[in-house]
Amino acid sequence: MEFRSLGEGGNRLTASVVGLGCNNFGRRLRERESPAVIHAALDAGITLFDTAESYGGGKSETFIGNALGPRRRDVLIATKFGWSGGASRRKVAKAVEGSLKRLRTDVIDLYQIHRPDPSTPIEETLEALDALVRQGKVRFVGCSNFSGGQIARARAVSEAHGRCAFVTAQNPWSLLERGIEDDVVPACADAGVGILPYYPLANGLLTGKYRRGAEWPKGTRLSAGFVPEARWRAVERLERFAAARGRSLLELAVSWLARQPGIFSVIAGATSAGQVERNVQAAGWALGAAELAEIDRLT
């Protein structure tokens with residue numbers, strides 16, 4: 001497993017290049033099923049667990065806290081607040097206490113605002129987060145679903161007021177969803193922010209288990225969805241590219257992301273130990289410059 005770091009000196013955030021997205025816990029997975037996935041991730045070398053107070057109505061955090069036990073010290077826990085509750089000073093202070101309790105920990109390694117809160121000035125949110133860092137309840141802070149302009153604005157506020165600054169940004173990014181490359185990626189590079197891409201497998205379309213015209217597996221994210229013709233063509237081009245090199249579509253999807261500029265860790269969800277293992281193994285393809293250029297042409 002490859003590891004990457006953010007920060008300087010002794011104050012650094014280090015994580016495996018493949019992280020575990022925990023949005024399935026409390027939704028598609030019950031508590032008795034979650035430990036197998038969590039322990040498979042630990043055994044495979046994954047050290048980043050990404051969750052949120054909103055996942056499963058708080059159950060995701062609870063399942064993680066209960067399953068980790070003494071192995072809490074081996075992982076970086078990233079959680080998020082504010083999906084529906086906003087990011088005011090009062091709401092941040094309340095949300096962190098709930099997450100700490102459910103996760104059964106004294107400190108959250110990476111605390112992220114889940115999405116922008118237009119009703120709360122970013123100055124107020126950053127002041128509240130800065131207080132949590134000074135109190136020792138949070139080590140680092142990040143954002144999710146922010147635009148490039150919002151990331152730049154937050155960095156300017158942090159610098160102007162001496163507040164803690166976002167060290168990560170979490171946005172959807174995959175071979176089929178590349179919109180952040182025009183906006184968020186440059187802003188993160190300018191601000192020194194690491195990127196945590198989510199939905200790296202495009203809701204499963206890049207796993208290789210879906211075929212045009214075939215019956216899709218029941219209970220999956222795409223089982224009741226519609227895939228546009230142009231997206232099918234892109235998937236099939238990418239699959240042929242990977243197959244010509246003796247690789248799978250899954251390997252291409254994860255390895256391509258892992259080699260994009262600014263990536264800190266690729267957040268990949270899983271509902272079984274086998275999926276965890278396949279996600280980790282998929283990051284091992286060292287794509288060359290010519291291959292990356294060809295992928296750009298294909299997508």
# chains A, B, ... in the order shown; residues from 1 in each chain; ligands from 1
>>> residues_around(residues="Ser84 (chain A)", least_positions_apart="4", cutoff="9 Å", atoms="only C-alpha atoms", output="number ranges by chain")
A: 54, 114-115
>>> select_by_dssp(residues="region 17-173 of chain A", states="strand (DSSP E or B)", output="VMD selection string")
chain A and resid 18 to 21 25 29 48 to 50 76 to 81 108 to 113 138 to 144 166 to 172
>>> closest_atom_pairs(of="region 145-166 of chain A", to="region 186-200 of chain A", cutoff="7 Å", atoms="only C-alpha atoms", output="CSV")
residue,atom,partner,partner_atom,distance
A:Gly148,CA,A:Ala187,CA,5.1
A:Ile151,CA,A:Ala187,CA,6.6
A:Ala152,CA,A:Ala187,CA,6.2
A:Arg155,CA,A:Ala191,CA,6.6
A:Phe166,CA,A:Val193,CA,6.9
>>> closest_residue(among="A:Trp285, A:Phe140, A:Phe81, A:Phe146", to="Leu110 (chain A)", atoms="only C-alpha atoms")
A:Phe140
>>> select_by_dssp(residues="region 7-148 of chain A", states="alpha helix (DSSP H)", output="VMD selection string")
chain A and resid 34 to 43 59 to 68 89 to 103 122 to 135 148
>>> closest_residue(among="A:Leu129, A:Leu201, A:Leu48, A:Leu257", to="Glu181 (chain A)", atoms="only C-alpha atoms")
A:Leu257
>>> atom_distance(atom1="CA of Arg89 (chain A)", atom2="CA of Asp117 (chain A)")
11.8 Å
>>> residues_around(residues="Arg4 (chain A)", least_positions_apart="5", cutoff="8 Å", atoms="only C-alpha atoms", output="list in words")
Thr14, Ala15, Ser16, Val17, Phe264 and Ser265 of chain A
>>> closest_residue(among="A:Cys164, A:Leu100, A:Val185, A:Ala95", to="Glu127 (chain A)", atoms="only C-alpha atoms")
A:Cys164
>>> residues_around(residues="Leu13 (chain A)", least_positions_apart="3", cutoff="9 Å", atoms="only C-alpha atoms", output="VMD selection string")
chain A and resid 4 to 8 76 109 to 110 139 to 140
>>> residues_around(residues="Cys22 (chain A)", least_positions_apart="2", cutoff="8 Å", atoms="only C-alpha atoms", output="list in words")
Leu20, Asn24, Phe25, Phe49, Asp50, Thr51, Tyr55, Ser60, Gly269 and Ala270 of chain A
>>> atom_distance(atom1="CA of Arg104 (chain A)", atom2="CA of Ala67 (chain A)")
10.1 Å
>>> closest_residue(among="A:Glu229, A:Ser119, A:Val96, A:Ala273", to="Val133 (chain A)", atoms="only C-alpha atoms")
A:Val96
>>> residues_around(residues="region 241-246 of chain A", least_positions_apart="4", cutoff="10 Å", atoms="only C-alpha atoms", output="mmCIF file with N, CA, C and O atoms, in the first residue's frame")
data_model
loop_
_atom_site.group_PDB
_atom_site.id
_atom_site.type_symbol
_atom_site.label_atom_id
_atom_site.label_comp_id
_atom_site.auth_asym_id
_atom_site.auth_seq_id
_atom_site.Cartn_x
_atom_site.Cartn_y
_atom_site.Cartn_z
ATOM 1 N N VAL A 235 -17.477 3.943 -21.387
ATOM 2 C CA VAL A 235 -17.126 2.774 -20.579
ATOM 3 C C VAL A 235 -16.533 1.679 -21.462
ATOM 4 O O VAL A 235 -15.509 1.062 -21.119
ATOM 5 N N GLU A 236 -17.138 1.436 -22.592
ATOM 6 C CA GLU A 236 -16.669 0.362 -23.473
ATOM 7 C C GLU A 236 -15.312 0.687 -24.082
ATOM 8 O O GLU A 236 -14.460 -0.205 -24.247
ATOM 9 N N ARG A 237 -15.053 1.955 -24.394
ATOM 10 C CA ARG A 237 -13.719 2.345 -24.877
ATOM 11 C C ARG A 237 -12.660 2.104 -23.805
ATOM 12 O O ARG A 237 -11.575 1.588 -24.079
ATOM 13 N N LEU A 250 -11.746 -1.850 -13.438
ATOM 14 C CA LEU A 250 -11.582 -1.394 -12.055
ATOM 15 C C LEU A 250 -10.157 -0.912 -11.811
ATOM 16 O O LEU A 250 -9.935 0.140 -11.200
ATOM 17 N N GLU A 251 -9.174 -1.669 -12.265
ATOM 18 C CA GLU A 251 -7.777 -1.259 -12.105
ATOM 19 C C GLU A 251 -7.519 0.078 -12.791
ATOM 20 O O GLU A 251 -6.808 0.942 -12.256
ATOM 21 N N LEU A 252 -8.076 0.244 -13.972
ATOM 22 C CA LEU A 252 -7.889 1.498 -14.697
ATOM 23 C C LEU A 252 -8.502 2.663 -13.926
ATOM 24 O O LEU A 252 -7.867 3.715 -13.769
ATOM 25 N N ALA A 253 -9.721 2.481 -13.429
ATOM 26 C CA ALA A 253 -10.423 3.564 -12.749
ATOM 27 C C ALA A 253 -9.676 4.042 -11.504
ATOM 28 O O ALA A 253 -9.501 5.249 -11.282
ATOM 29 N N GLU A 291 0.092 6.463 -21.817
ATOM 30 C CA GLU A 291 -1.196 5.851 -21.479
ATOM 31 C C GLU A 291 -2.164 6.895 -20.926
ATOM 32 O O GLU A 291 -3.355 6.900 -21.268
ATOM 33 N N GLU A 294 -3.530 8.898 -23.754
ATOM 34 C CA GLU A 294 -4.515 8.133 -24.514
ATOM 35 C C GLU A 294 -5.857 8.081 -23.776
ATOM 36 O O GLU A 294 -6.924 8.184 -24.387
ATOM 37 N N ILE A 295 -5.805 7.964 -22.459
ATOM 38 C CA ILE A 295 -7.038 7.963 -21.656
ATOM 39 C C ILE A 295 -7.745 9.302 -21.784
ATOM 40 O O ILE A 295 -8.974 9.358 -21.901
ATOM 41 N N LEU A 298 -9.625 9.284 -24.941
ATOM 42 C CA LEU A 298 -10.788 8.394 -24.900
ATOM 43 C C LEU A 298 -11.951 8.978 -24.102
ATOM 44 O O LEU A 298 -13.107 8.633 -24.337
#
>>> atom_distance(atom1="CA of Ile122 (chain A)", atom2="CA of Ala154 (chain A)")
6.6 Å
>>> closest_residue(among="A:Glu124, A:Asp183, A:Asp130, A:Asp43", to="Gln150 (chain A)", atoms="only C-alpha atoms")
A:Asp183
